[in-house]
Amino acid sequence: MKTSTAPALADLDDGTSPRTSLVRRLAETPEVGVVAACVVVFAALAIDKSTFASAVNLQGMGFDLAQYGLIAIGESLVILTGGIDLSVGALLGTSVILMSWFNVRAGLPPVLAVLVTLVIAGTVGLIHGLAVTRLKMPPFVVTLVTYTVAQGVTLAITSGTSITGIGGFFGDVGQTYVAQVPLPLILFVIVAVVAWFFLERTYAGRQVYAVGGNAEAARLAGIRGDRRIISMYVTSSLLSAFAGIMVLGRMGVGSASGVGVGWELSAIAAAVIGGVSLVGGQGRIVGIVAGTILLELINNGLTTLQINSNYTNIVLGCVLGVAITADRLRARSVARRS
Amino acid sequence: MGTPVSERTSAPTDIAVSLRDVSKVYGPVKVLDIPRLDLARGQIVAVVGENGAGKSTLMGVLSGTVTPTTGAITIAGRQLHAGRPDHSRDMGVAMVAQEFPLVGQLSVAENLLLGRRPQRAGTRPLGKVVVDRAGTRAEARTLLAEVGVTGVDVDRPVGRFPVPVRQMIEIAKAWGHRPVVLILDEPTSSLGPVEAERVLDLARTHAAAGGAVLFIGHRLDEVRSVADRVVVLRSGRLVADLTPAEATEERMIREMVGSELARADLAPPSSVERTATLSVRGLTADGLGPVDLDVRAGEIVGVAGLMGSGRSRLLHTVMGAQPRTGGSVAFDGADFHPRHPADSVAAGIGLVPEDRKVQSLLPAHSVRWNVTLTTLRRISRRGVLRPRHDKEHAARIVKDLGVRLHSQEQPISSLSGGNQQKAVFGRWLAAKPKLLLLDEPTRGVDVGAKAEIYHLIDTAAQDGLAVLVASSELEELLWICHRIVVMARGRIVADIPRERFGKEVIMTAAAGSGAGAPSGRTEDAGTSGEGKAHA
């Protein structure tokens, strides 16, 4: 390949002959709806309740956002390959318990406890990946097994009682502020940026999209799809365990009572709201992050508005419904115009 | 334009379908523009045209899957609500699609009666609610018998039948709606000669019984043999309306391509070198071999053979996309044993597979992503893609290959078949391979783009590439190849140099009784469509 970067060439014919206007380009960006919704919801809540935009509340949302966002990113990476990972929430709960158990019961220093847990989570992800690629097992079933087993492991280790007395390291990670910004939020932003870079700027990331878009075409084009798929499952599990550190630090105890259960559904919802196609191959980090933010804004907003928490899920479900409908309509109108 | 033949039978009841000022516009492009077209009862009207000429749009408008931008359609004198498939069906339009929307897991009987009930259902208690299995089965058998299919177990899931049988089931399904207008979209493309003749007979029967048939065909000899009238579409417009006597193959082709080149005199470049790029000895794989084959640099070698003869398998095995069970391959002078297509790509082999939609394209993704797929690693620096570089690289590929598009960011599925295929070629040529494996390189590609693709193949050979091209279109191989090997039952049974080229020679060899095909394995999986069997 010649690497001539003559500006004339790009000018000559970079394929985008009719300069599309900014508005039109925005309208064709799949994520525009979610981002707009985030802004509107935030503005509306901030105007209605001054407490909503207060520093304390924003910081609280930052903590929430970090833990949900991390697993949403992991989940989305798997969905991009055309799979699904139902285990992210349960694995997070198990990681919380494993870390506190290694730290308190086994007497390992916190950092070591974290490392061991990450290794275990990574292995679980590896097993997922191998089962899906080598044994051609449906991802739904494979991760459903882990979902069930992981919850069982949590209960078996704790027998229902929480593990107390964890090291200060966890609190340092989970509760520190850097210039008023919660440390978990910063870590989440870093992970998001790395994930964005991977997907948008590396050839391996592009190959992930290719595998999700058409696995057979990717294979015949010489892409080792299995490796991409396995590494996405591993990453997803690692991110669950990583989010577990934040959760553990924030709570201060290894809670046995259902931490993380059901979070995989929030993660999937965030991904879908953010424009990730459940068929695979489509979706971007911007959307995923915006989807998580929107869910968090609504969740927190309902609390701020003092709406009975029993109604929260109804609202969240409706938002999901609206999001996928809007996305469908948008995609259809774009398809019609082109 | 469009002097309607039906004028000679102008009584309104004799007109099954009439279109007035029907047009369809996508963005700036008018894909269909028909001021007036009438289809008479008792006639088989063939519609021919290049890909993208508007044939599918025309059928879509009639069957309700496409909403026309303007115009009115009447069927048997009644106004059709455009864009409603259910209404079209109720009005008596039945379409046999090229890609069959059959439900693979359901049985043949259930598929045949999908969306309706057996006729006797209305007369039985609860008949409208409870599925009447026996009735469904009986009616399914009757239908199959009517279209001339015997020996099909109606209780088996459709997915287990090979493609030709599925095609016949699809036809029976359309037949079951007792249509006024029967639309056949290349119904014979996946059928053998016997079944194909049966379908043509069915069309004749339907016309004789007073129905109208709209027949879309690529095989012009077939069109000539069946049509009472030939309508030629080009760029969405009706450019010719021919009687059977007028519709010679030359005339049809001339009308289809317009003023553009008809069939250029094609001959492969004299670029064959001495060195063998690919040298295969005793290669075996599931349903293949043992095969011996040499392809020299600059040489274009054709692979002919009937469906299921192992053409695609040969290419896939060389590529490493199907596991090899024995034999050796030397590529570019060195022993070569790929475990994954990635090894082959790295070594300098490219494969343009047979089924573009399933095996080549990332349909939802941009042209740019599609053309850079094989060179991603090469254009990245330490694994990082530079957007600007990426775009320039893609722009160069698109420009070199003459792919016609608005923008390289548009989804590749919005291009025409020919342009998609050129993009796939561009993907591989950009990887600068030494050996190019082509499987049905011009399937679903219009005449103009075909010539361009042949030109690409010639140029590639001139640049010293070895080309191995498998095709079911004999003419194509006869035009472009230096040498043709014929396969039957997984083996190469003949190796024919250009001097001895001839359809008869190849067909005789392919039919398999001749030269050196001893005790071949019985191949029953063969009919289920090449290349799809090995995943």
# chains A, B, ... in the order shown; residues from 1 in each chain; ligands from 1

$ residues_around --residues "range 121-127 of chain A" --least-positions-apart "3" --cutoff "6 Å" --atoms "only C-alpha atoms" --output "count of residues only"
7

$ select_by_dssp --residues "range 217-448 of chain B" --states "strand (DSSP E or B)" --output "PDB file with C-alpha atoms, in the first residue's frame"
ATOM      1  CA  ARG B 229     -44.616 -11.651 -25.252  1.00  0.00           C
ATOM      2  CA  VAL B 230     -41.306 -10.229 -24.065  1.00  0.00           C
ATOM      3  CA  VAL B 231     -41.054  -6.930 -22.268  1.00  0.00           C
ATOM      4  CA  VAL B 232     -37.610  -5.400 -21.877  1.00  0.00           C
ATOM      5  CA  LEU B 233     -36.830  -3.039 -19.035  1.00  0.00           C
ATOM      6  CA  ARG B 234     -33.834  -0.768 -18.906  1.00  0.00           C
ATOM      7  CA  ARG B 237     -38.308   2.133 -18.278  1.00  0.00           C
ATOM      8  CA  LEU B 238     -40.067  -0.132 -20.677  1.00  0.00           C
ATOM      9  CA  VAL B 239     -37.838   0.026 -23.742  1.00  0.00           C
ATOM     10  CA  ALA B 240     -39.183  -2.770 -25.886  1.00  0.00           C
ATOM     11  CA  ASP B 241     -42.262  -4.903 -26.215  1.00  0.00           C
ATOM     12  CA  LEU B 242     -41.507  -7.844 -28.460  1.00  0.00           C
ATOM     13  CA  ALA B 276       3.325 -22.657 -11.115  1.00  0.00           C
ATOM     14  CA  THR B 277       1.804 -20.447  -8.442  1.00  0.00           C
ATOM     15  CA  LEU B 278      -0.405 -23.185  -7.138  1.00  0.00           C
ATOM     16  CA  SER B 279       0.342 -26.839  -7.320  1.00  0.00           C
ATOM     17  CA  VAL B 280      -2.123 -29.271  -5.805  1.00  0.00           C
ATOM     18  CA  ARG B 281      -1.384 -32.984  -5.415  1.00  0.00           C
ATOM     19  CA  GLY B 282      -3.831 -35.575  -4.204  1.00  0.00           C
ATOM     20  CA  LEU B 283      -5.864 -33.042  -2.297  1.00  0.00           C
ATOM     21  CA  THR B 284      -8.825 -34.533  -0.466  1.00  0.00           C
ATOM     22  CA  ALA B 285     -11.518 -33.144   1.758  1.00  0.00           C
ATOM     23  CA  LEU B 288     -13.597 -33.651  -2.702  1.00  0.00           C
ATOM     24  CA  GLY B 289     -10.751 -35.357  -4.371  1.00  0.00           C
ATOM     25  CA  PRO B 290      -8.247 -36.635  -4.774  1.00  0.00           C
ATOM     26  CA  VAL B 291      -7.449 -33.635  -6.961  1.00  0.00           C
ATOM     27  CA  ASP B 292      -4.292 -32.748  -8.854  1.00  0.00           C
ATOM     28  CA  LEU B 293      -4.110 -29.289 -10.319  1.00  0.00           C
ATOM     29  CA  ASP B 294      -1.549 -26.685 -11.345  1.00  0.00           C
ATOM     30  CA  VAL B 295      -2.223 -23.033 -11.872  1.00  0.00           C
ATOM     31  CA  ARG B 296       0.581 -20.943 -13.287  1.00  0.00           C
ATOM     32  CA  ILE B 300      -6.817 -18.097 -15.750  1.00  0.00           C
ATOM     33  CA  VAL B 301      -8.062 -21.597 -15.102  1.00  0.00           C
ATOM     34  CA  GLY B 302     -11.760 -22.318 -15.160  1.00  0.00           C
ATOM     35  CA  VAL B 303     -13.486 -24.936 -13.051  1.00  0.00           C
ATOM     36  CA  ALA B 304     -16.602 -26.311 -14.680  1.00  0.00           C
ATOM     37  CA  GLY B 305     -18.930 -28.981 -13.439  1.00  0.00           C
ATOM     38  CA  ARG B 324      -8.270 -30.777   4.302  1.00  0.00           C
ATOM     39  CA  THR B 325      -8.115 -34.505   4.887  1.00  0.00           C
ATOM     40  CA  GLY B 326      -5.127 -35.344   2.760  1.00  0.00           C
ATOM     41  CA  GLY B 327      -2.776 -34.411  -0.049  1.00  0.00           C
ATOM     42  CA  SER B 328      -0.388 -31.548  -0.407  1.00  0.00           C
ATOM     43  CA  VAL B 329      -0.483 -28.059  -1.798  1.00  0.00           C
ATOM     44  CA  ALA B 330       2.505 -26.048  -2.880  1.00  0.00           C
ATOM     45  CA  PHE B 331       1.865 -22.348  -3.121  1.00  0.00           C
ATOM     46  CA  ALA B 334       6.619 -23.578  -0.732  1.00  0.00           C
ATOM     47  CA  ASP B 335       4.553 -26.198   1.001  1.00  0.00           C
ATOM     48  CA  ILE B 349      -4.582 -15.885  -1.670  1.00  0.00           C
ATOM     49  CA  GLY B 350      -7.909 -14.179  -2.146  1.00  0.00           C
ATOM     50  CA  LEU B 351     -11.363 -15.737  -2.377  1.00  0.00           C
ATOM     51  CA  VAL B 352     -14.446 -14.169  -3.890  1.00  0.00           C
ATOM     52  CA  SER B 366     -20.391   1.067   4.827  1.00  0.00           C
ATOM     53  CA  ARG B 381       0.066   1.319  12.173  1.00  0.00           C
ATOM     54  CA  VAL B 384      -4.165   1.579  15.045  1.00  0.00           C
ATOM     55  CA  PRO B 411     -24.168   0.913   3.351  1.00  0.00           C
ATOM     56  CA  LEU B 435      -3.670 -16.308  -6.384  1.00  0.00           C
ATOM     57  CA  LEU B 436      -7.270 -15.306  -6.775  1.00  0.00           C
ATOM     58  CA  LEU B 437     -10.008 -17.885  -6.235  1.00  0.00           C
ATOM     59  CA  LEU B 438     -13.278 -16.815  -7.803  1.00  0.00           C
ATOM     60  CA  ASP B 439     -16.525 -18.645  -7.190  1.00  0.00           C
TER      61      ASP B 439
END

$ residues_around --residues "Met168 in chain B" --least-positions-apart "6" --cutoff "10 Å" --atoms "only C-alpha atoms" --output "list in words"
Val96, Leu144, Val147, Gly148, Val149, Ala174, Pro187, Thr188, Ser190, Leu191, Glu195, Ala196, Arg198 and Val199 of chain B

$ residues_around --residues "range 249-253 of chain B" --least-positions-apart "4" --cutoff "12 Å" --atoms "only C-alpha atoms" --output "count of residues only"
37

$ residues_around --residues "range 71-74 of chain A" --least-positions-apart "6" --cutoff "7 Å" --atoms "only C-alpha atoms" --output "mmCIF file with C-alpha atoms, in the first residue's frame"
data_model
loop_
_atom_site.group_PDB
_atom_site.id
_atom_site.type_symbol
_atom_site.label_atom_id
_atom_site.label_comp_id
_atom_site.auth_asym_id
_atom_site.auth_seq_id
_atom_site.Cartn_x
_atom_site.Cartn_y
_atom_site.Cartn_z
ATOM 1 C CA VAL A 88 -22.393 -9.772 33.902
ATOM 2 C CA THR A 235 -13.216 -8.445 28.561
ATOM 3 C CA SER A 236 -16.866 -8.486 29.547
ATOM 4 C CA LEU A 239 -15.174 -5.529 33.468
ATOM 5 C CA SER A 240 -17.796 -7.145 35.703
ATOM 6 C CA ALA A 243 -17.009 -2.933 38.548
ATOM 7 C CA ALA A 267 -26.772 -3.242 30.853
ATOM 8 C CA ILE A 268 -28.589 -4.721 27.880
ATOM 9 C CA ALA A 270 -28.500 0.710 28.145
ATOM 10 C CA ALA A 271 -26.840 -0.853 25.118
ATOM 11 C CA ILE A 288 -23.713 3.012 25.062
#

$ residues_around --residues "Pro109 in chain A" --least-positions-apart "3" --cutoff "12 Å" --atoms "only C-alpha atoms" --output "PyMOL selection string"
chain A and resi 99-106+112-116+166-170

$ write_last_selection --atoms "N, CA and C atoms" --output "JSON list (two decimals), in the first residue's frame"
[["chain", "number", "residue", "atom", "x", "y", "z"],
["A", 99, "MET", "N", -13.76, -11.21, 46.32],
["A", 99, "MET", "CA", -12.74, -10.26, 46.77],
["A", 99, "MET", "C", -12.76, -10.13, 48.29],
["A", 100, "SER", "N", -13.94, -9.99, 48.84],
["A", 100, "SER", "CA", -13.98, -9.84, 50.29],
["A", 100, "SER", "C", -13.58, -11.14, 50.99],
["A", 101, "TRP", "N", -13.94, -12.25, 50.39],
["A", 101, "TRP", "CA", -13.56, -13.53, 51.01],
["A", 101, "TRP", "C", -12.05, -13.71, 50.98],
["A", 102, "PHE", "N", -11.44, -13.51, 49.82],
["A", 102, "PHE", "CA", -9.98, -13.62, 49.72],
["A", 102, "PHE", "C", -9.30, -12.66, 50.68],
["A", 103, "ASN", "N", -9.87, -11.47, 50.79],
["A", 103, "ASN", "CA", -9.26, -10.45, 51.64],
["A", 103, "ASN", "C", -9.43, -10.77, 53.13],
["A", 104, "VAL", "N", -10.65, -11.08, 53.52],
["A", 104, "VAL", "CA", -10.94, -11.25, 54.95],
["A", 104, "VAL", "C", -10.67, -12.67, 55.43],
["A", 105, "ARG", "N", -11.29, -13.64, 54.74],
["A", 105, "ARG", "CA", -11.19, -15.02, 55.23],
["A", 105, "ARG", "C", -9.84, -15.63, 54.89],
["A", 106, "ALA", "N", -9.36, -15.40, 53.65],
["A", 106, "ALA", "CA", -8.10, -16.02, 53.26],
["A", 106, "ALA", "C", -6.90, -15.16, 53.63],
["A", 112, "LEU", "N", -3.94, -8.23, 46.05],
["A", 112, "LEU", "CA", -3.84, -9.62, 45.62],
["A", 112, "LEU", "C", -5.22, -10.24, 45.48],
["A", 113, "ALA", "N", -6.09, -9.93, 46.45],
["A", 113, "ALA", "CA", -7.46, -10.45, 46.38],
["A", 113, "ALA", "C", -8.13, -10.00, 45.08],
["A", 114, "VAL", "N", -7.90, -8.76, 44.72],
["A", 114, "VAL", "CA", -8.48, -8.23, 43.47],
["A", 114, "VAL", "C", -7.91, -8.99, 42.28],
["A", 115, "LEU", "N", -6.58, -9.17, 42.30],
["A", 115, "LEU", "CA", -5.95, -9.84, 41.15],
["A", 115, "LEU", "C", -6.48, -11.26, 40.97],
["A", 116, "VAL", "N", -6.54, -11.98, 42.10],
["A", 116, "VAL", "CA", -7.03, -13.36, 42.02],
["A", 116, "VAL", "C", -8.45, -13.38, 41.46],
["A", 166, "ILE", "N", -13.32, -5.62, 55.41],
["A", 166, "ILE", "CA", -12.43, -5.58, 54.25],
["A", 166, "ILE", "C", -11.42, -4.46, 54.36],
["A", 167, "GLY", "N", -10.33, -4.59, 53.61],
["A", 167, "GLY", "CA", -9.23, -3.63, 53.69],
["A", 167, "GLY", "C", -9.61, -2.24, 53.21],
["A", 168, "GLY", "N", -8.83, -1.27, 53.62],
["A", 168, "GLY", "CA", -9.11, 0.12, 53.28],
["A", 168, "GLY", "C", -8.94, 0.41, 51.79],
["A", 169, "PHE", "N", -8.20, -0.46, 51.11],
["A", 169, "PHE", "CA", -7.96, -0.26, 49.68],
["A", 169, "PHE", "C", -9.27, -0.10, 48.91],
["A", 170, "PHE", "N", -10.23, -0.95, 49.26],
["A", 170, "PHE", "CA", -11.50, -0.93, 48.52],
["A", 170, "PHE", "C", -12.21, 0.40, 48.69]]

$ closest_atom_pairs --of "chain B" --to "chain A" --cutoff "8 Å" --atoms "only C-alpha atoms" --output "Markdown table"
| residue | atom | partner | partner_atom | distance |
| --- | --- | --- | --- | --- |
| B:Tyr26 | CA | A:Arg337 | CA | 6.9 |
| B:Gly27 | CA | A:Arg337 | CA | 5.4 |
| B:Ala321 | CA | A:Leu220 | CA | 6.8 |
| B:His340 | CA | A:Gly222 | CA | 7.3 |
| B:Pro341 | CA | A:Gly222 | CA | 4.7 |
| B:Ala342 | CA | A:Gly222 | CA | 3.6 |
| B:Asp343 | CA | A:Gly222 | CA | 7.2 |
| B:Ser344 | CA | A:Gly222 | CA | 7.4 |
| B:Val345 | CA | A:Gly222 | CA | 5.7 |
| B:Gly350 | CA | A:Ala221 | CA | 7.8 |
| B:Leu351 | CA | A:Leu220 | CA | 7.1 |
| B:Pro353 | CA | A:Leu220 | CA | 7.9 |
| B:Val358 | CA | A:Ala217 | CA | 6.7 |
| B:Gln359 | CA | A:Ala217 | CA | 4.3 |
| B:Ser360 | CA | A:Ala217 | CA | 4.5 |
| B:Leu361 | CA | A:Ala217 | CA | 6.1 |
| B:Leu362 | CA | A:Gly213 | CA | 5.4 |
| B:Pro363 | CA | A:Gly213 | CA | 7.3 |
| B:Ala364 | CA | A:Gly213 | CA | 7.1 |
| B:His365 | CA | A:Gly213 | CA | 7.6 |
| B:Leu373 | CA | A:Ala221 | CA | 7.0 |
| B:Thr374 | CA | A:Ala221 | CA | 5.8 |
| B:Leu376 | CA | A:Tyr203 | CA | 5.6 |
| B:Arg377 | CA | A:Tyr203 | CA | 6.0 |
| B:Arg378 | CA | A:Met1 | CA | 7.7 |
| B:Ile379 | CA | A:Met1 | CA | 7.4 |
| B:Ser380 | CA | A:Tyr203 | CA | 6.6 |
| B:Gly383 | CA | A:Thr202 | CA | 5.4 |
| B:Val384 | CA | A:Thr202 | CA | 4.2 |
| B:Leu385 | CA | A:Arg201 | CA | 4.9 |
| B:Arg386 | CA | A:Arg201 | CA | 6.8 |
| B:Pro387 | CA | A:Arg201 | CA | 7.5 |
| B:His389 | CA | A:Thr5 | CA | 7.1 |
| B:Lys391 | CA | A:Asp14 | CA | 6.6 |
| B:Glu392 | CA | A:Ala10 | CA | 6.0 |
| B:Ala395 | CA | A:Asp14 | CA | 5.3 |
| B:Leu405 | CA | A:Gly15 | CA | 7.7 |
| B:His406 | CA | A:Gly15 | CA | 6.8 |
| B:Ser407 | CA | A:Gly15 | CA | 4.4 |
| B:Gln408 | CA | A:Gly15 | CA | 4.9 |
| B:Glu409 | CA | A:Thr16 | CA | 7.4 |
| B:Ser414 | CA | A:Ser338 | CA | 7.8 |
| B:Ala430 | CA | A:Met1 | CA | 7.9 |

$ write_last_selection --atoms "C-alpha atoms" --output "tab-separated table (two decimals), in the first residue's frame"
chain	number	residue	atom	x	y	z
B	26	TYR	CA	-35.86	6.30	-4.35
B	27	GLY	CA	-34.21	9.57	-3.43
B	321	ALA	CA	-11.95	-22.56	4.71
B	340	HIS	CA	-7.77	-20.88	8.61
B	341	PRO	CA	-8.51	-18.54	5.70
B	342	ALA	CA	-6.42	-16.00	7.56
B	343	ASP	CA	-3.31	-18.09	6.79
B	344	SER	CA	-4.18	-18.01	3.11
B	345	VAL	CA	-4.78	-14.29	3.09
B	350	GLY	CA	-7.91	-14.18	-2.15
B	351	LEU	CA	-11.36	-15.74	-2.38
B	353	PRO	CA	-17.14	-16.53	-2.64
B	358	VAL	CA	-24.03	-14.57	2.94
B	359	GLN	CA	-20.31	-15.02	2.35
B	360	SER	CA	-18.85	-11.68	1.30
B	361	LEU	CA	-20.66	-8.63	2.51
B	362	LEU	CA	-21.12	-6.90	5.81
B	363	PRO	CA	-24.52	-5.77	4.58
B	364	ALA	CA	-25.25	-3.15	7.22
B	365	HIS	CA	-21.83	-1.57	7.06
B	373	LEU	CA	-11.77	-5.64	5.30
B	374	THR	CA	-8.85	-7.71	4.06
B	376	LEU	CA	-7.14	-3.64	7.81
B	377	ARG	CA	-3.97	-4.85	9.40
B	378	ARG	CA	-1.86	-3.55	6.57
B	379	ILE	CA	-3.27	-0.03	6.62
B	380	SER	CA	-3.05	0.23	10.38
B	383	GLY	CA	-2.81	-1.96	15.14
B	384	VAL	CA	-4.17	1.58	15.04
B	385	LEU	CA	-6.29	2.74	12.14
B	386	ARG	CA	-5.86	6.31	11.01
B	387	PRO	CA	-9.24	7.58	9.83
B	389	HIS	CA	-5.58	7.09	5.75
B	391	LYS	CA	-10.67	6.82	3.89
B	392	GLU	CA	-8.04	7.49	1.26
B	395	ALA	CA	-11.38	5.85	-1.98
B	405	LEU	CA	-21.72	5.13	-5.44
B	406	HIS	CA	-22.79	8.34	-3.71
B	407	SER	CA	-20.43	8.06	-0.82
B	408	GLN	CA	-18.14	5.42	0.57
B	409	GLU	CA	-20.03	5.78	3.85
B	414	SER	CA	-27.63	-0.02	-1.10
B	430	ALA	CA	-6.06	-4.30	-2.61
